[in-house]
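Undergrad: One structure coming up, written as structure tokens, with questions to follow.
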Amino acid sequence: MKIIQLKITLKDVKPPVWRRVLVRDDITFYKLHRIIQHAMGWFESHLYEFRLGEMIIGEKDDVWDFYDRYEVKSAKRIKLSSMNFAPKDKFRYVYDFGDNWRHDIVVEKVLDPEEGVKYPVCIGGKRNCPPEDVGGPWGYEDFLEAIQDPQHPEHESMLEWVGGSFDPEEFSIDEVNDMLKMIK
């Protein structure tokens, strides 16, 4: 078993939202999906896929008929180790096909496991993840504009929708690691 250091960057959001995580290479892509969800702050409420070149790894869903046109390999059956990842390898993770949250994933390092470390673990990151169902990168821009301007017609409703407050700069590595500990 090896440890893979991944940098996961949310695309089309400025300034960038990213996380750096260490994961075991003997996990499935389904488990990687769950790790990304917890690390970024998503809630596993929508479909997802990984794109490695021409290969699509995800979970087939009858509602999304476009999958009939593509071969989708089961995320629950394919392990990261089968990809023989090396530093600088890149692939894409897409979450919520309606909002189309695209993430670039870069393999930064392949390491030996450290004694006493429980994986996965987040070792870095920046900025708060956009709220679930905010409408993708463009909806997120509108959301930020509304919550930052008390004169905006949707200011109050957006703040209420998000639970009272939202700080786009907030990031806590300790909170992310607490969330990652919940993954079985």
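Letters A, B, ... go to the chains of the structure tokens in the order shown; residues in each chain start at 1; ligands are counted from 1 in the same order.
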Would you list the contacts of Glu59 (chain A) as number ranges by chain, taking every protein, DNA or RNA residue within 9 Å and counting only C-alpha atoms, but skipping same-chain residues closer than 6 positions in sequence?
TA: A: 30, 47-49, 72-76
Undergrad: May I have the selected residues written with C-alpha atoms, as a PDB file, in the first residue's frame?
TA:
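And here's part_22.pdb as it stands now:
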```pdb
ATOM      1  CA  TYR A  30     -16.266   5.659  -4.479  1.00  0.00           C
ATOM      2  CA  LEU A  47     -24.272  12.257  -8.823  1.00  0.00           C
ATOM      3  CA  TYR A  48     -20.575  12.424  -9.594  1.00  0.00           C
ATOM      4  CA  GLU A  49     -17.947  11.081 -11.949  1.00  0.00           C
ATOM      5  CA  VAL A  72     -19.153   4.089 -16.998  1.00  0.00           C
ATOM      6  CA  LYS A  73     -16.929   1.954 -14.818  1.00  0.00           C
ATOM      7  CA  SER A  74     -18.170   1.334 -11.277  1.00  0.00           C
ATOM      8  CA  ALA A  75     -16.547   3.615  -8.699  1.00  0.00           C
ATOM      9  CA  LYS A  76     -17.243   0.953  -6.081  1.00  0.00           C
TER      10      LYS A  76
END
```
Undergrad: Would you mind listing what lies within 12 Å of His155 (chain A) as a PyMOL selection string, with only C-alpha atoms counted and same-chain residues fewer than 4 positions away left out?
TA: chain A and resi 142-151+159-162+164-166
Undergrad: Atoms to include: N, CA and C atoms. Write the selected residues as a PDB file, in the first residue's frame.
TA:
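Once written, out_21.pdb looks like this:
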```pdb
ATOM      1  N   ASP A 142     -23.330  35.075  -7.936  1.00  0.00           N
ATOM      2  CA  ASP A 142     -24.540  35.840  -7.605  1.00  0.00           C
ATOM      3  C   ASP A 142     -24.823  35.789  -6.108  1.00  0.00           C
ATOM      4  N   PHE A 143     -24.656  34.617  -5.515  1.00  0.00           N
ATOM      5  CA  PHE A 143     -24.871  34.425  -4.080  1.00  0.00           C
ATOM      6  C   PHE A 143     -23.933  35.333  -3.274  1.00  0.00           C
ATOM      7  N   LEU A 144     -22.629  35.327  -3.623  1.00  0.00           N
ATOM      8  CA  LEU A 144     -21.663  36.164  -2.895  1.00  0.00           C
ATOM      9  C   LEU A 144     -22.005  37.644  -3.029  1.00  0.00           C
ATOM     10  N   GLU A 145     -22.396  38.045  -4.224  1.00  0.00           N
ATOM     11  CA  GLU A 145     -22.778  39.439  -4.452  1.00  0.00           C
ATOM     12  C   GLU A 145     -23.963  39.810  -3.552  1.00  0.00           C
ATOM     13  N   ALA A 146     -24.931  38.922  -3.460  1.00  0.00           N
ATOM     14  CA  ALA A 146     -26.131  39.198  -2.658  1.00  0.00           C
ATOM     15  C   ALA A 146     -25.827  39.264  -1.161  1.00  0.00           C
ATOM     16  N   ILE A 147     -25.028  38.327  -0.659  1.00  0.00           N
ATOM     17  CA  ILE A 147     -24.797  38.329   0.803  1.00  0.00           C
ATOM     18  C   ILE A 147     -23.838  39.431   1.244  1.00  0.00           C
ATOM     19  N   GLN A 148     -23.021  39.946   0.318  1.00  0.00           N
ATOM     20  CA  GLN A 148     -22.059  40.984   0.685  1.00  0.00           C
ATOM     21  C   GLN A 148     -22.617  42.400   0.537  1.00  0.00           C
ATOM     22  N   ASP A 149     -23.807  42.518  -0.049  1.00  0.00           N
ATOM     23  CA  ASP A 149     -24.408  43.836  -0.261  1.00  0.00           C
ATOM     24  C   ASP A 149     -25.755  43.916   0.457  1.00  0.00           C
ATOM     25  N   PRO A 150     -25.791  44.601   1.616  1.00  0.00           N
ATOM     26  CA  PRO A 150     -27.054  44.702   2.369  1.00  0.00           C
ATOM     27  C   PRO A 150     -28.189  45.351   1.572  1.00  0.00           C
ATOM     28  N   GLN A 151     -27.866  46.079   0.504  1.00  0.00           N
ATOM     29  CA  GLN A 151     -28.891  46.714  -0.326  1.00  0.00           C
ATOM     30  C   GLN A 151     -29.416  45.792  -1.431  1.00  0.00           C
ATOM     31  N   LEU A 159     -29.044  35.026   2.922  1.00  0.00           N
ATOM     32  CA  LEU A 159     -28.458  34.771   4.245  1.00  0.00           C
ATOM     33  C   LEU A 159     -29.317  33.778   5.030  1.00  0.00           C
ATOM     34  N   GLU A 160     -30.619  33.922   4.938  1.00  0.00           N
ATOM     35  CA  GLU A 160     -31.517  32.981   5.625  1.00  0.00           C
ATOM     36  C   GLU A 160     -31.350  31.576   5.041  1.00  0.00           C
ATOM     37  N   TRP A 161     -31.284  31.492   3.703  1.00  0.00           N
ATOM     38  CA  TRP A 161     -31.139  30.204   3.020  1.00  0.00           C
ATOM     39  C   TRP A 161     -29.859  29.487   3.448  1.00  0.00           C
ATOM     40  N   VAL A 162     -28.767  30.250   3.639  1.00  0.00           N
ATOM     41  CA  VAL A 162     -27.481  29.637   3.966  1.00  0.00           C
ATOM     42  C   VAL A 162     -27.307  29.426   5.478  1.00  0.00           C
ATOM     43  N   GLY A 164     -27.815  31.947   7.950  1.00  0.00           N
ATOM     44  CA  GLY A 164     -27.521  33.150   8.714  1.00  0.00           C
ATOM     45  C   GLY A 164     -26.236  33.862   8.339  1.00  0.00           C
ATOM     46  N   SER A 165     -25.206  33.101   7.994  1.00  0.00           N
ATOM     47  CA  SER A 165     -23.957  33.744   7.595  1.00  0.00           C
ATOM     48  C   SER A 165     -23.133  32.784   6.747  1.00  0.00           C
ATOM     49  N   PHE A 166     -22.208  33.375   5.988  1.00  0.00           N
ATOM     50  CA  PHE A 166     -21.303  32.581   5.166  1.00  0.00           C
ATOM     51  C   PHE A 166     -20.050  33.408   4.932  1.00  0.00           C
TER      52      PHE A 166
END
```
Undergrad: Which of these, A:Asp25, A:Lys88, A:Tyr140, A:Ile8, has the shortest distance to Met40 (chain A) once you count only C-alpha atoms?
TA: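 Smallest separation from Met40 (chain A) among the options: A:Ile8.
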Undergrad: What lies within 12 Å of Val21 (chain A) using only C-alpha atoms, ignoring chain neighbours under 3 positions off, as a PyMOL selection string?
TA: chain A and resi 3-9+18+24+32+35-40+105-110+118-125+173+176-177+180
Undergrad: Using DSSP on the backbone coordinates, identify the residues of region 10-161 of chain A assigned to alpha helix (DSSP H); present them as an MDAnalysis selection string.
TA: chainID A and resid 29:40 136:148 155:161
Undergrad: For Leu10 (chain A), work out the shell of residues within 9 Å, counting only C-alpha atoms and skipping chain neighbours fewer than 6 positions away, then give it as a PDB file with all heavy atoms, in the first residue's frame.
TA:
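Written out: out-v1.pdb:
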```pdb
ATOM      1  N   PRO A  16      -9.388  30.662  -5.887  1.00  0.00           N
ATOM      2  CA  PRO A  16      -9.588  29.211  -5.876  1.00  0.00           C
ATOM      3  C   PRO A  16      -9.897  28.635  -4.492  1.00  0.00           C
ATOM      4  O   PRO A  16      -9.404  29.122  -3.480  1.00  0.00           O
ATOM      5  CB  PRO A  16      -8.262  28.652  -6.389  1.00  0.00           C
ATOM      6  CG  PRO A  16      -7.414  29.799  -6.780  1.00  0.00           C
ATOM      7  CD  PRO A  16      -8.057  31.058  -6.323  1.00  0.00           C
ATOM      8  N   VAL A  17     -10.711  27.596  -4.514  1.00  0.00           N
ATOM      9  CA  VAL A  17     -10.997  26.773  -3.340  1.00  0.00           C
ATOM     10  C   VAL A  17     -10.261  25.461  -3.574  1.00  0.00           C
ATOM     11  O   VAL A  17     -10.442  24.843  -4.623  1.00  0.00           O
ATOM     12  CB  VAL A  17     -12.517  26.517  -3.195  1.00  0.00           C
ATOM     13  CG1 VAL A  17     -12.797  25.545  -2.063  1.00  0.00           C
ATOM     14  CG2 VAL A  17     -13.275  27.825  -3.003  1.00  0.00           C
ATOM     15  N   TRP A  18      -9.419  25.049  -2.629  1.00  0.00           N
ATOM     16  CA  TRP A  18      -8.665  23.812  -2.832  1.00  0.00           C
ATOM     17  C   TRP A  18      -8.418  23.105  -1.505  1.00  0.00           C
ATOM     18  O   TRP A  18      -8.501  23.695  -0.439  1.00  0.00           O
ATOM     19  CB  TRP A  18      -7.364  24.057  -3.575  1.00  0.00           C
ATOM     20  CG  TRP A  18      -6.396  24.979  -2.877  1.00  0.00           C
ATOM     21  CD1 TRP A  18      -6.322  26.334  -3.008  1.00  0.00           C
ATOM     22  CD2 TRP A  18      -5.382  24.605  -1.933  1.00  0.00           C
ATOM     23  NE1 TRP A  18      -5.325  26.825  -2.201  1.00  0.00           N
ATOM     24  CE2 TRP A  18      -4.731  25.783  -1.534  1.00  0.00           C
ATOM     25  CE3 TRP A  18      -4.963  23.403  -1.387  1.00  0.00           C
ATOM     26  CZ2 TRP A  18      -3.677  25.792  -0.616  1.00  0.00           C
ATOM     27  CZ3 TRP A  18      -3.919  23.402  -0.467  1.00  0.00           C
ATOM     28  CH2 TRP A  18      -3.295  24.591  -0.096  1.00  0.00           C
ATOM     29  N   ARG A  19      -8.112  21.792  -1.637  1.00  0.00           N
ATOM     30  CA  ARG A  19      -7.740  20.963  -0.496  1.00  0.00           C
ATOM     31  C   ARG A  19      -6.575  20.073  -0.914  1.00  0.00           C
ATOM     32  O   ARG A  19      -6.499  19.619  -2.053  1.00  0.00           O
ATOM     33  CB  ARG A  19      -8.896  20.052  -0.037  1.00  0.00           C
ATOM     34  CG  ARG A  19     -10.186  20.768   0.313  1.00  0.00           C
ATOM     35  CD  ARG A  19     -10.069  21.597   1.583  1.00  0.00           C
ATOM     36  NE  ARG A  19     -11.343  22.226   1.902  1.00  0.00           N
ATOM     37  CZ  ARG A  19     -11.682  23.462   1.576  1.00  0.00           C
ATOM     38  NH1 ARG A  19     -10.854  24.226   0.885  1.00  0.00           N
ATOM     39  NH2 ARG A  19     -12.852  23.954   1.928  1.00  0.00           N
ATOM     40  N   MET A  40     -14.192  18.942   0.972  1.00  0.00           N
ATOM     41  CA  MET A  40     -14.637  20.196   0.373  1.00  0.00           C
ATOM     42  C   MET A  40     -15.808  20.822   1.124  1.00  0.00           C
ATOM     43  O   MET A  40     -15.994  22.027   1.080  1.00  0.00           O
ATOM     44  CB  MET A  40     -15.036  19.971  -1.095  1.00  0.00           C
ATOM     45  CG  MET A  40     -13.885  19.580  -2.003  1.00  0.00           C
ATOM     46  SD  MET A  40     -12.535  20.767  -2.068  1.00  0.00           S
ATOM     47  CE  MET A  40     -13.236  22.040  -3.104  1.00  0.00           C
ATOM     48  N   TRP A 101     -20.057  21.189 -10.686  1.00  0.00           N
ATOM     49  CA  TRP A 101     -18.854  21.546  -9.932  1.00  0.00           C
ATOM     50  C   TRP A 101     -17.701  20.676 -10.428  1.00  0.00           C
ATOM     51  O   TRP A 101     -17.643  19.488 -10.156  1.00  0.00           O
ATOM     52  CB  TRP A 101     -19.066  21.325  -8.441  1.00  0.00           C
ATOM     53  CG  TRP A 101     -20.079  22.242  -7.851  1.00  0.00           C
ATOM     54  CD1 TRP A 101     -21.306  21.897  -7.373  1.00  0.00           C
ATOM     55  CD2 TRP A 101     -19.960  23.655  -7.669  1.00  0.00           C
ATOM     56  NE1 TRP A 101     -21.958  23.006  -6.908  1.00  0.00           N
ATOM     57  CE2 TRP A 101     -21.159  24.109  -7.080  1.00  0.00           C
ATOM     58  CE3 TRP A 101     -18.962  24.577  -7.952  1.00  0.00           C
ATOM     59  CZ2 TRP A 101     -21.378  25.442  -6.758  1.00  0.00           C
ATOM     60  CZ3 TRP A 101     -19.190  25.916  -7.631  1.00  0.00           C
ATOM     61  CH2 TRP A 101     -20.377  26.326  -7.041  1.00  0.00           C
ATOM     62  N   ARG A 102     -16.779  21.290 -11.160  1.00  0.00           N
ATOM     63  CA  ARG A 102     -15.632  20.563 -11.713  1.00  0.00           C
ATOM     64  C   ARG A 102     -14.422  20.785 -10.813  1.00  0.00           C
ATOM     65  O   ARG A 102     -14.163  21.915 -10.397  1.00  0.00           O
ATOM     66  CB  ARG A 102     -15.342  21.043 -13.128  1.00  0.00           C
ATOM     67  CG  ARG A 102     -16.507  20.757 -14.077  1.00  0.00           C
ATOM     68  CD  ARG A 102     -16.282  21.278 -15.479  1.00  0.00           C
ATOM     69  NE  ARG A 102     -15.880  22.675 -15.460  1.00  0.00           N
ATOM     70  CZ  ARG A 102     -14.939  23.193 -16.269  1.00  0.00           C
ATOM     71  NH1 ARG A 102     -14.335  22.434 -17.157  1.00  0.00           N
ATOM     72  NH2 ARG A 102     -14.624  24.460 -16.203  1.00  0.00           N
ATOM     73  N   HIS A 103     -13.726  19.705 -10.532  1.00  0.00           N
ATOM     74  CA  HIS A 103     -12.529  19.747  -9.697  1.00  0.00           C
ATOM     75  C   HIS A 103     -11.365  19.152 -10.480  1.00  0.00           C
ATOM     76  O   HIS A 103     -11.501  18.064 -11.036  1.00  0.00           O
ATOM     77  CB  HIS A 103     -12.711  18.904  -8.433  1.00  0.00           C
ATOM     78  CG  HIS A 103     -13.902  19.258  -7.600  1.00  0.00           C
ATOM     79  ND1 HIS A 103     -15.200  18.997  -7.971  1.00  0.00           N
ATOM     80  CD2 HIS A 103     -13.973  19.841  -6.385  1.00  0.00           C
ATOM     81  CE1 HIS A 103     -16.024  19.403  -7.033  1.00  0.00           C
ATOM     82  NE2 HIS A 103     -15.305  19.925  -6.049  1.00  0.00           N
ATOM     83  N   ASP A 104     -10.249  19.847 -10.499  1.00  0.00           N
ATOM     84  CA  ASP A 104      -9.023  19.277 -11.044  1.00  0.00           C
ATOM     85  C   ASP A 104      -8.285  18.601  -9.898  1.00  0.00           C
ATOM     86  O   ASP A 104      -8.140  19.188  -8.815  1.00  0.00           O
ATOM     87  CB  ASP A 104      -8.126  20.354 -11.657  1.00  0.00           C
ATOM     88  CG  ASP A 104      -8.609  20.808 -13.020  1.00  0.00           C
ATOM     89  OD1 ASP A 104      -9.397  20.077 -13.653  1.00  0.00           O
ATOM     90  OD2 ASP A 104      -8.194  21.900 -13.451  1.00  0.00           O
ATOM     91  N   ILE A 105      -7.833  17.378 -10.134  1.00  0.00           N
ATOM     92  CA  ILE A 105      -7.089  16.639  -9.120  1.00  0.00           C
ATOM     93  C   ILE A 105      -5.702  16.346  -9.677  1.00  0.00           C
ATOM     94  O   ILE A 105      -5.560  15.792 -10.768  1.00  0.00           O
ATOM     95  CB  ILE A 105      -7.806  15.334  -8.741  1.00  0.00           C
ATOM     96  CG1 ILE A 105      -9.219  15.644  -8.214  1.00  0.00           C
ATOM     97  CG2 ILE A 105      -6.991  14.558  -7.706  1.00  0.00           C
ATOM     98  CD1 ILE A 105     -10.048  14.431  -7.884  1.00  0.00           C
ATOM     99  N   CYS A 129     -15.924  26.091   0.847  1.00  0.00           N
ATOM    100  CA  CYS A 129     -16.578  25.524  -0.318  1.00  0.00           C
ATOM    101  C   CYS A 129     -17.927  26.219  -0.529  1.00  0.00           C
ATOM    102  O   CYS A 129     -18.613  26.542   0.443  1.00  0.00           O
ATOM    103  CB  CYS A 129     -16.781  24.030  -0.070  1.00  0.00           C
ATOM    104  SG  CYS A 129     -17.267  23.134  -1.526  1.00  0.00           S
TER     105      CYS A 129
END
```
Undergrad: For Val23 (chain A), which residue out of A:Lys60, A:Arg92, A:His46, A:Lys79 is the nearest one, using only C-alpha atoms?
TA: A:Lys79
